[in-house]
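Asks: The following file, run_0.cif, comprises mmCIF, C-alpha atoms; chains and numbers go by the auth columns:
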data_query
#
loop_
_atom_site.group_PDB
_atom_site.id
_atom_site.type_symbol
_atom_site.label_atom_id
_atom_site.label_comp_id
_atom_site.label_asym_id
_atom_site.label_seq_id
_atom_site.Cartn_x
_atom_site.Cartn_y
_atom_site.Cartn_z
_atom_site.B_iso_or_equiv
_atom_site.auth_seq_id
_atom_site.auth_asym_id
ATOM 1 C CA MET A 1 24.076 8.981 -0.753 0.00 1 A
ATOM 2 C CA SER A 2 21.893 11.220 1.401 0.00 2 A
ATOM 3 C CA ILE A 3 18.226 10.754 2.276 0.00 3 A
ATOM 4 C CA ILE A 4 15.597 13.270 3.359 0.00 4 A
ATOM 5 C CA LEU A 5 12.930 11.688 5.566 0.00 5 A
ATOM 6 C CA THR A 6 9.809 13.261 7.051 0.00 6 A
ATOM 7 C CA GLY A 7 7.618 11.557 9.649 0.00 7 A
ATOM 8 C CA PHE A 8 10.575 9.674 11.104 0.00 8 A
ATOM 9 C CA THR A 9 9.043 9.347 14.596 0.00 9 A
ATOM 10 C CA SER A 10 6.200 7.075 13.432 0.00 10 A
ATOM 11 C CA ALA A 11 6.568 3.293 13.440 0.00 11 A
ATOM 12 C CA ILE A 12 7.124 3.241 9.677 0.00 12 A
ATOM 13 C CA GLY A 13 9.432 6.256 9.872 0.00 13 A
ATOM 14 C CA ARG A 14 11.620 4.674 12.532 0.00 14 A
ATOM 15 C CA ALA A 15 11.824 1.450 10.553 0.00 15 A
ATOM 16 C CA LEU A 16 12.858 3.422 7.460 0.00 16 A
ATOM 17 C CA LEU A 17 15.463 5.301 9.449 0.00 17 A
ATOM 18 C CA GLU A 18 16.929 2.081 10.802 0.00 18 A
ATOM 19 C CA ARG A 19 17.046 0.562 7.306 0.00 19 A
ATOM 20 C CA TYR A 20 18.868 3.498 5.778 0.00 20 A
ATOM 21 C CA VAL A 21 21.252 3.640 8.729 0.00 21 A
ATOM 22 C CA LYS A 22 22.013 -0.040 8.236 0.00 22 A
ATOM 23 C CA GLU A 23 22.887 0.780 4.642 0.00 23 A
ATOM 24 C CA LYS A 24 25.253 3.536 5.867 0.00 24 A
ATOM 25 C CA LYS A 25 23.225 6.374 4.381 0.00 25 A
ATOM 26 C CA THR A 26 23.176 9.912 5.746 0.00 26 A
ATOM 27 C CA VAL A 27 19.619 10.723 6.800 0.00 27 A
ATOM 28 C CA PHE A 28 18.300 14.260 7.142 0.00 28 A
ATOM 29 C CA CYS A 29 15.326 13.932 9.516 0.00 29 A
ATOM 30 C CA LEU A 30 12.666 16.619 9.171 0.00 30 A
ATOM 31 C CA GLY A 31 10.039 17.018 11.869 0.00 31 A
ATOM 32 C CA ARG A 32 8.835 18.603 15.079 0.00 32 A
ATOM 33 C CA LYS A 33 10.431 16.161 17.542 0.00 33 A
ATOM 34 C CA ASP A 34 14.002 15.532 18.578 0.00 34 A
ATOM 35 C CA LEU A 35 16.027 12.352 18.277 0.00 35 A
ATOM 36 C CA GLU A 36 16.525 11.584 21.979 0.00 36 A
ATOM 37 C CA SER A 37 14.698 8.284 21.580 0.00 37 A
ATOM 38 C CA LEU A 38 17.227 7.194 18.959 0.00 38 A
ATOM 39 C CA ASN A 39 20.274 7.238 21.241 0.00 39 A
ATOM 40 C CA LYS A 40 21.227 3.736 20.183 0.00 40 A
ATOM 41 C CA PHE A 41 22.563 5.370 17.014 0.00 41 A
ATOM 42 C CA LYS A 42 24.526 8.053 18.862 0.00 42 A
ATOM 43 C CA ASN A 43 27.886 6.660 17.728 0.00 43 A
ATOM 44 C CA ILE A 44 26.910 6.632 14.073 0.00 44 A
ATOM 45 C CA ASP A 45 27.250 9.830 12.089 0.00 45 A
ATOM 46 C CA PHE A 46 24.151 9.278 10.012 0.00 46 A
ATOM 47 C CA LYS A 47 21.501 11.647 11.208 0.00 47 A
ATOM 48 C CA LYS A 48 20.915 15.341 11.146 0.00 48 A
ATOM 49 C CA PHE A 49 17.710 16.766 12.578 0.00 49 A
ATOM 50 C CA PHE A 50 15.937 19.808 11.146 0.00 50 A
ATOM 51 C CA PHE A 51 12.859 21.376 12.725 0.00 51 A
ATOM 52 C CA ILE A 52 9.922 21.906 10.381 0.00 52 A
ATOM 53 C CA ASP A 53 6.212 22.212 11.148 0.00 53 A
ATOM 54 C CA PHE A 54 3.937 21.297 8.249 0.00 54 A
ATOM 55 C CA ASN A 55 1.167 23.401 9.803 0.00 55 A
ATOM 56 C CA SER A 56 3.274 26.538 10.144 0.00 56 A
ATOM 57 C CA HIS A 57 2.021 29.790 8.602 0.00 57 A
ATOM 58 C CA SER A 58 5.576 30.394 7.401 0.00 58 A
ATOM 59 C CA PHE A 59 6.107 26.897 6.051 0.00 59 A
ATOM 60 C CA ASP A 60 7.323 27.997 2.626 0.00 60 A
ATOM 61 C CA LEU A 61 9.971 30.305 4.106 0.00 61 A
ATOM 62 C CA ASP A 62 10.976 27.772 6.761 0.00 62 A
ATOM 63 C CA LEU A 63 11.369 25.036 4.161 0.00 63 A
ATOM 64 C CA ASP A 64 13.410 27.237 1.836 0.00 64 A
ATOM 65 C CA LYS A 65 15.783 28.115 4.670 0.00 65 A
ATOM 66 C CA LEU A 66 16.069 24.453 5.668 0.00 66 A
ATOM 67 C CA LEU A 67 16.769 23.107 2.198 0.00 67 A
ATOM 68 C CA ASN A 68 19.440 25.746 1.631 0.00 68 A
ATOM 69 C CA GLN A 69 21.399 24.157 4.486 0.00 69 A
ATOM 70 C CA LEU A 70 21.630 20.825 2.684 0.00 70 A
ATOM 71 C CA ASN A 71 24.099 19.711 0.065 0.00 71 A
ATOM 72 C CA HIS A 72 21.669 19.150 -2.779 0.00 72 A
ATOM 73 C CA GLU A 73 24.332 17.509 -4.938 0.00 73 A
ATOM 74 C CA GLU A 74 24.465 14.491 -2.596 0.00 74 A
ATOM 75 C CA ILE A 75 20.733 13.912 -2.087 0.00 75 A
ATOM 76 C CA GLU A 76 19.324 10.967 -3.986 0.00 76 A
ATOM 77 C CA THR A 77 16.112 9.976 -2.196 0.00 77 A
ATOM 78 C CA ILE A 78 13.334 11.917 -0.471 0.00 78 A
ATOM 79 C CA VAL A 79 10.642 10.027 1.447 0.00 79 A
ATOM 80 C CA HIS A 80 7.606 11.998 2.574 0.00 80 A
ATOM 81 C CA LEU A 81 5.722 10.277 5.370 0.00 81 A
ATOM 82 C CA ALA A 82 4.631 13.161 7.631 0.00 82 A
ATOM 83 C CA ALA A 83 0.842 13.484 7.905 0.00 83 A
ATOM 84 C CA GLU A 84 -1.916 14.308 10.364 0.00 84 A
ATOM 85 C CA SER A 85 -5.103 12.228 10.411 0.00 85 A
ATOM 86 C CA GLY A 86 -7.020 14.291 12.961 0.00 86 A
ATOM 87 C CA LYS A 87 -9.801 12.910 15.133 0.00 87 A
ATOM 88 C CA ARG A 88 -11.894 10.069 13.742 0.00 88 A
ATOM 89 C CA GLN A 89 -15.271 11.782 13.575 0.00 89 A
ATOM 90 C CA GLY A 90 -17.864 12.851 11.021 0.00 90 A
ATOM 91 C CA ILE A 91 -17.176 16.061 9.146 0.00 91 A
ATOM 92 C CA ARG A 92 -20.179 17.697 10.807 0.00 92 A
ATOM 93 C CA SER A 93 -18.171 17.624 14.035 0.00 93 A
ATOM 94 C CA ASN A 94 -15.261 19.509 12.459 0.00 94 A
ATOM 95 C CA SER A 95 -14.763 23.239 12.686 0.00 95 A
ATOM 96 C CA TYR A 96 -13.379 25.380 9.875 0.00 96 A
ATOM 97 C CA GLU A 97 -10.045 25.471 11.703 0.00 97 A
ATOM 98 C CA ASP A 98 -10.000 21.673 11.961 0.00 98 A
ATOM 99 C CA VAL A 99 -10.482 21.343 8.207 0.00 99 A
ATOM 100 C CA LYS A 100 -7.959 24.094 7.391 0.00 100 A
ATOM 101 C CA ASN A 101 -5.277 22.575 9.601 0.00 101 A
ATOM 102 C CA LEU A 102 -5.655 19.105 8.082 0.00 102 A
ATOM 103 C CA ILE A 103 -5.529 20.481 4.545 0.00 103 A
ATOM 104 C CA ASN A 104 -2.484 22.602 5.425 0.00 104 A
ATOM 105 C CA VAL A 105 -0.553 19.585 6.677 0.00 105 A
ATOM 106 C CA ASN A 106 -1.728 16.866 4.310 0.00 106 A
ATOM 107 C CA HIS A 107 -2.155 18.753 1.057 0.00 107 A
ATOM 108 C CA LEU A 108 -1.118 22.407 0.800 0.00 108 A
ATOM 109 C CA ASN A 109 2.236 22.237 2.571 0.00 109 A
ATOM 110 C CA SER A 110 2.833 18.635 1.530 0.00 110 A
ATOM 111 C CA ALA A 111 2.318 19.685 -2.093 0.00 111 A
ATOM 112 C CA TRP A 112 4.773 22.550 -1.648 0.00 112 A
ATOM 113 C CA PHE A 113 7.259 20.202 0.021 0.00 113 A
ATOM 114 C CA MET A 114 6.971 17.822 -2.902 0.00 114 A
ATOM 115 C CA LYS A 115 7.495 20.587 -5.460 0.00 115 A
ATOM 116 C CA GLU A 116 10.525 21.947 -3.611 0.00 116 A
ATOM 117 C CA SER A 117 11.870 18.418 -3.140 0.00 117 A
ATOM 118 C CA CYS A 118 11.685 17.669 -6.847 0.00 118 A
ATOM 119 C CA ASP A 119 13.362 21.001 -7.606 0.00 119 A
ATOM 120 C CA LEU A 120 16.133 20.056 -5.186 0.00 120 A
ATOM 121 C CA LEU A 121 16.532 16.606 -6.738 0.00 121 A
ATOM 122 C CA SER A 122 16.770 18.190 -10.172 0.00 122 A
ATOM 123 C CA ARG A 123 19.946 19.941 -8.973 0.00 123 A
ATOM 124 C CA SER A 124 21.436 16.748 -7.564 0.00 124 A
ATOM 125 C CA LYS A 125 24.369 15.144 -9.351 0.00 125 A
ATOM 126 C CA LYS A 126 23.140 11.653 -8.474 0.00 126 A
ATOM 127 C CA THR A 127 21.828 9.419 -11.236 0.00 127 A
ATOM 128 C CA ASN A 128 19.173 7.532 -9.262 0.00 128 A
ATOM 129 C CA LYS A 129 16.879 10.297 -8.012 0.00 129 A
ATOM 130 C CA SER A 130 13.696 9.200 -6.284 0.00 130 A
ATOM 131 C CA PHE A 131 10.794 10.813 -4.433 0.00 131 A
ATOM 132 C CA VAL A 132 8.560 8.351 -2.544 0.00 132 A
ATOM 133 C CA TYR A 133 5.241 9.459 -1.078 0.00 133 A
ATOM 134 C CA ILE A 134 3.618 7.365 1.653 0.00 134 A
ATOM 135 C CA SER A 135 -0.129 7.419 1.107 0.00 135 A
ATOM 136 C CA THR A 136 -3.035 5.456 2.607 0.00 136 A
ATOM 137 C CA GLN A 137 -5.694 3.002 1.446 0.00 137 A
ATOM 138 C CA LEU A 138 -8.246 5.621 2.503 0.00 138 A
ATOM 139 C CA ALA A 139 -7.107 7.769 -0.429 0.00 139 A
ATOM 140 C CA LYS A 140 -8.336 5.127 -2.863 0.00 140 A
ATOM 141 C CA TYR A 141 -11.495 3.835 -1.213 0.00 141 A
ATOM 142 C CA LYS A 142 -13.378 5.686 1.492 0.00 142 A
ATOM 143 C CA GLY A 143 -12.542 7.392 4.748 0.00 143 A
ATOM 144 C CA PRO A 144 -15.652 7.749 6.909 0.00 144 A
ATOM 145 C CA GLY A 145 -14.702 9.752 9.973 0.00 145 A
ATOM 146 C CA LEU A 146 -11.452 10.794 8.287 0.00 146 A
ATOM 147 C CA SER A 147 -12.903 12.487 5.203 0.00 147 A
ATOM 148 C CA ILE A 148 -10.563 15.500 5.074 0.00 148 A
ATOM 149 C CA TYR A 149 -7.485 13.373 5.714 0.00 149 A
ATOM 150 C CA SER A 150 -8.446 10.809 3.058 0.00 150 A
ATOM 151 C CA SER A 151 -9.408 13.403 0.437 0.00 151 A
ATOM 152 C CA SER A 152 -6.181 15.343 1.049 0.00 152 A
ATOM 153 C CA LYS A 153 -4.137 12.191 0.588 0.00 153 A
ATOM 154 C CA ALA A 154 -6.070 11.404 -2.596 0.00 154 A
ATOM 155 C CA ALA A 155 -5.174 14.854 -3.907 0.00 155 A
ATOM 156 C CA MET A 156 -1.509 14.145 -3.163 0.00 156 A
ATOM 157 C CA ASN A 157 -1.740 10.847 -5.037 0.00 157 A
ATOM 158 C CA ASN A 158 -2.921 12.728 -8.106 0.00 158 A
ATOM 159 C CA LEU A 159 -0.148 15.294 -7.682 0.00 159 A
ATOM 160 C CA CYS A 160 2.443 12.508 -7.568 0.00 160 A
ATOM 161 C CA LEU A 161 1.222 11.170 -10.915 0.00 161 A
ATOM 162 C CA SER A 162 1.398 14.635 -12.467 0.00 162 A
ATOM 163 C CA LEU A 163 4.860 15.409 -11.129 0.00 163 A
ATOM 164 C CA ALA A 164 6.166 12.005 -12.231 0.00 164 A
ATOM 165 C CA HIS A 165 5.422 13.297 -15.720 0.00 165 A
ATOM 166 C CA GLU A 166 6.687 16.855 -15.172 0.00 166 A
ATOM 167 C CA TYR A 167 10.014 15.890 -13.589 0.00 167 A
ATOM 168 C CA GLY A 168 10.710 12.729 -15.550 0.00 168 A
ATOM 169 C CA SER A 169 12.929 14.589 -18.016 0.00 169 A
ATOM 170 C CA ALA A 170 15.137 15.612 -15.067 0.00 170 A
ATOM 171 C CA GLY A 171 15.688 11.954 -14.203 0.00 171 A
ATOM 172 C CA ILE A 172 13.461 12.109 -11.136 0.00 172 A
ATOM 173 C CA ARG A 173 11.174 9.193 -10.365 0.00 173 A
ATOM 174 C CA VAL A 174 8.039 9.880 -8.312 0.00 174 A
ATOM 175 C CA ASN A 175 6.209 6.918 -6.814 0.00 175 A
ATOM 176 C CA ILE A 176 3.619 6.173 -4.142 0.00 176 A
ATOM 177 C CA VAL A 177 3.568 3.472 -1.481 0.00 177 A
ATOM 178 C CA THR A 178 0.100 2.763 -0.107 0.00 178 A
ATOM 179 C CA PRO A 179 0.102 0.693 3.089 0.00 179 A
ATOM 180 C CA GLY A 180 -2.857 -1.164 4.473 0.00 180 A
ATOM 181 C CA ILE A 181 -3.369 -1.394 8.229 0.00 181 A
ATOM 182 C CA VAL A 182 0.096 -1.424 9.795 0.00 182 A
ATOM 183 C CA ALA A 183 0.841 -3.038 13.157 0.00 183 A
ATOM 184 C CA THR A 184 3.874 -4.374 14.973 0.00 184 A
ATOM 185 C CA ASN A 185 1.851 -7.547 15.552 0.00 185 A
ATOM 186 C CA PRO A 186 0.607 -8.615 12.092 0.00 186 A
ATOM 187 C CA ASN A 187 -1.795 -11.154 13.611 0.00 187 A
ATOM 188 C CA HIS A 188 -3.419 -8.822 16.106 0.00 188 A
ATOM 189 C CA ALA A 189 -6.472 -10.475 17.651 0.00 189 A
ATOM 190 C CA ASP A 190 -8.540 -7.270 17.431 0.00 190 A
ATOM 191 C CA PHE A 191 -8.676 -7.539 13.638 0.00 191 A
ATOM 192 C CA ASP A 192 -10.784 -10.037 11.686 0.00 192 A
ATOM 193 C CA MET A 193 -8.762 -10.789 8.543 0.00 193 A
ATOM 194 C CA GLU A 194 -11.730 -12.327 6.749 0.00 194 A
ATOM 195 C CA LYS A 195 -13.925 -9.273 7.294 0.00 195 A
ATOM 196 C CA LEU A 196 -11.034 -7.028 6.266 0.00 196 A
ATOM 197 C CA ASN A 197 -10.745 -8.938 2.976 0.00 197 A
ATOM 198 C CA ILE A 198 -7.006 -9.561 3.352 0.00 198 A
ATOM 199 C CA PRO A 199 -6.067 -12.649 1.304 0.00 199 A
ATOM 200 C CA LEU A 200 -2.645 -13.002 2.970 0.00 200 A
ATOM 201 C CA SER A 201 -4.431 -13.192 6.351 0.00 201 A
ATOM 202 C CA ARG A 202 -2.279 -10.771 8.297 0.00 202 A
ATOM 203 C CA LEU A 203 -1.732 -7.046 8.756 0.00 203 A
ATOM 204 C CA ALA A 204 1.189 -5.156 7.271 0.00 204 A
ATOM 205 C CA THR A 205 4.274 -4.584 9.410 0.00 205 A
ATOM 206 C CA PRO A 206 6.524 -1.509 9.245 0.00 206 A
ATOM 207 C CA LYS A 207 9.132 -3.758 7.609 0.00 207 A
ATOM 208 C CA ASP A 208 6.723 -4.590 4.778 0.00 208 A
ATOM 209 C CA VAL A 209 6.346 -0.882 4.016 0.00 209 A
ATOM 210 C CA VAL A 210 10.077 -0.267 4.341 0.00 210 A
ATOM 211 C CA ASN A 211 10.848 -3.005 1.811 0.00 211 A
ATOM 212 C CA ALA A 212 8.538 -1.356 -0.724 0.00 212 A
ATOM 213 C CA VAL A 213 9.980 2.118 -0.139 0.00 213 A
ATOM 214 C CA TYR A 214 13.528 0.829 -0.318 0.00 214 A
ATOM 215 C CA PHE A 215 12.801 -0.922 -3.609 0.00 215 A
ATOM 216 C CA LEU A 216 11.333 2.254 -5.119 0.00 216 A
ATOM 217 C CA SER A 217 14.341 4.267 -3.989 0.00 217 A
ATOM 218 C CA SER A 218 16.855 1.758 -5.348 0.00 218 A
ATOM 219 C CA LYS A 219 18.289 1.241 -8.825 0.00 219 A
ATOM 220 C CA LYS A 220 16.253 -1.954 -9.041 0.00 220 A
ATOM 221 C CA SER A 221 13.271 0.282 -9.842 0.00 221 A
ATOM 222 C CA GLU A 222 15.124 2.712 -12.115 0.00 222 A
ATOM 223 C CA TYR A 223 12.485 2.390 -14.862 0.00 223 A
ATOM 224 C CA ILE A 224 9.480 2.758 -12.548 0.00 224 A
ATOM 225 C CA THR A 225 7.767 6.109 -12.031 0.00 225 A
ATOM 226 C CA GLY A 226 4.175 7.205 -11.478 0.00 226 A
ATOM 227 C CA ALA A 227 3.437 3.882 -9.775 0.00 227 A
ATOM 228 C CA ASN A 228 1.233 3.334 -6.736 0.00 228 A
ATOM 229 C CA LEU A 229 2.437 0.233 -4.901 0.00 229 A
ATOM 230 C CA ASP A 230 -0.118 -1.332 -2.554 0.00 230 A
ATOM 231 C CA VAL A 231 1.311 -2.965 0.565 0.00 231 A
ATOM 232 C CA ASN A 232 -1.955 -4.375 1.868 0.00 232 A
ATOM 233 C CA GLY A 233 -1.823 -8.162 1.576 0.00 233 A
ATOM 234 C CA GLY A 234 -4.188 -8.063 -1.410 0.00 234 A
ATOM 235 C CA ARG A 235 -7.027 -6.222 0.354 0.00 235 A
ATOM 236 C CA TRP A 236 -9.461 -4.863 -2.213 0.00 236 A
ATOM 237 C CA ASP A 237 -11.577 -2.330 -0.285 0.00 237 A
#
Rewrite the structure from the file as structure tokens, please.

Replies:
Amino acid sequence: MSIILTGFTSAIGRALLERYVKEKKTVFCLGRKDLESLNKFKNIDFKKFFFIDFNSHSFDLDLDKLLNQLNHEEIETIVHLAAESGKRQGIRSNSYEDVKNLINVNHLNSAWFMKESCDLLSRSKKTNKSFVYISTQLAKYKGPGLSIYSSSKAAMNNLCLSLAHEYGSAGIRVNIVTPGIVATNPNHADFDMEKLNIPLSRLATPKDVVNAVYFLSSKKSEYITGANLDVNGGRWD
């Protein structure tokens, strides 16, 4: 089984990469950075890196060329994590270019990536075909200071629900994982769990998110599509 993974250099992305490597999967890593920091896997033939910039003016052509290099018959799971939050500031401090760039990365080109990914999965010979989108709690509640990022992610959430319906007949499952605040230290002293309304009284870890993604990409969830799985310890706002 082969995996396509975007956003692999983030904490969640690295944890996902390590999990799939542990399971002996081939991982096609898409992004703007190289894999020098992952030398501990240098003796394992699991990873192939492909350069792609989600803010490129030629993104559609670049993506088409990239996907044509892959063996679509072997790809079973695509996890889309790549995103750009931008500076935390009110929208009145943003320029037109700031807004355009965030929408390009988080919605326009992400939407095109999702469409092309589902088309690719429809040509796969695998029986358990899964697209997992990593969203954010800000897409469901509010994102003051990150309004364009949060609204773009909300638009992607809606797209996932629509494409779960459109591609269901091709055996493709489309699901969303929505993390809460993620930290390597789930009991970080800078966060007040009571004020954050987190019943489980800790932050999410990358492993928590990985477990949810792995479940949604496995046969254990073969009858689940169009779902939005919160990984937030029960936080309600």

Asks: Taking 6 positions as the minimum chain separation for residues in the same chain, which residues sit within 9 Å of Gly233 (chain A) when counting all atoms listed in the file? Answer as an MDAnalysis selection string.

Replies: chainID A and resid 180 198:204

Asks: Within 12 Å of region 11-25 of chain A, which residues of region 62-109 of chain A show up? Give each one with its shortest atom-to-atom distance in Å (one decimal) and the two atoms involved, counting only C-alpha atoms, rows by chain then rising residue number, as JSON lines.

Replies:
{"residue": "A:Glu74", "atom": "CA", "partner": "A:Lys25", "partner_atom": "CA", "distance": 10.8}
{"residue": "A:Ile75", "atom": "CA", "partner": "A:Lys25", "partner_atom": "CA", "distance": 10.2}
{"residue": "A:Glu76", "atom": "CA", "partner": "A:Lys25", "partner_atom": "CA", "distance": 10.3}
{"residue": "A:Thr77", "atom": "CA", "partner": "A:Lys25", "partner_atom": "CA", "distance": 10.3}
{"residue": "A:Ile78", "atom": "CA", "partner": "A:Leu16", "partner_atom": "CA", "distance": 11.6}
{"residue": "A:Val79", "atom": "CA", "partner": "A:Leu16", "partner_atom": "CA", "distance": 9.2}
{"residue": "A:His80", "atom": "CA", "partner": "A:Gly13", "partner_atom": "CA", "distance": 9.5}
{"residue": "A:Leu81", "atom": "CA", "partner": "A:Gly13", "partner_atom": "CA", "distance": 7.1}
{"residue": "A:Ala82", "atom": "CA", "partner": "A:Gly13", "partner_atom": "CA", "distance": 8.7}
{"residue": "A:Ala83", "atom": "CA", "partner": "A:Gly13", "partner_atom": "CA", "distance": 11.4}

Asks: Using CA of Lys87 (chain A) and CA of Tyr149 (chain A) as the two end points, give the distance in Å to one decimal.

Replies: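 Computing the Euclidean distance for CA of Lys87 (chain A) and CA of Tyr149 (chain A) yields 9.7 Å.
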
Asks: Kindly indicate which residue among A:Lys100, A:Lys207, A:Lys125, A:Lys153 lies nearest to Gln137 (chain A), using all atoms listed in the file for the distances.

Replies: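 Nearest candidate to Gln137 (chain A) out of A:Lys100, A:Lys207, A:Lys125, A:Lys153: A:Lys153.
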
Asks: Excluding Leu196 (chain A) and residues on its chain fewer than 5 positions from it, collect all residues at most 9 Å away from it, counting all atoms listed in the file, and give them as number ranges by chain.

Replies: A: 191, 235-237

Asks: Would you mind exporting the chosen residues as a PDB file, in the frame of the given file, restricted to C-alpha atoms?

Replies:
ATOM      1  CA  PHE A 191      -8.676  -7.539  13.638  1.00  0.00           C
ATOM      2  CA  ARG A 235      -7.027  -6.222   0.354  1.00  0.00           C
ATOM      3  CA  TRP A 236      -9.461  -4.863  -2.213  1.00  0.00           C
ATOM      4  CA  ASP A 237     -11.577  -2.330  -0.285  1.00  0.00           C
TER       5      ASP A 237
END

Asks: Could the residues of region 102-135 of chain A that have an atom at most 8 Å from region 163-178 of chain A be listed as a tab-separated table, each with its closest atom pair and the distance in Å to one decimal, counting all atoms listed in the file and ordered by chain and ascending residue number?

Replies:
residue	atom	partner	partner_atom	distance
A:Cys118	CA	A:Tyr167	CA	7.2
A:Leu121	CA	A:Ile172	CA	7.0
A:Ser122	CA	A:Ala170	CA	5.8
A:Thr127	CA	A:Gly171	CA	7.3
A:Asn128	CA	A:Gly171	CA	7.5
A:Lys129	CA	A:Ile172	CA	5.0
A:Ser130	CA	A:Arg173	CA	4.8
A:Phe131	CA	A:Val174	CA	4.8
A:Val132	CA	A:Asn175	CA	5.1
A:Tyr133	CA	A:Ile176	CA	4.8
A:Ile134	CA	A:Val177	CA	5.0
A:Ser135	CA	A:Thr178	CA	4.8

Asks: What is the CA of Pro206 (chain A) to CA of Ala111 (chain A) distance in Å?

Replies: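 The value is 24.4 Å.
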
Asks: Could you name the residues that touch Asp64 (chain A) at 10 Å or less, counting all atoms listed in the file, but leaving out those on the same chain fewer than 4 positions away, as number ranges by chain?

Replies: A: 59-60, 68-69, 113, 116
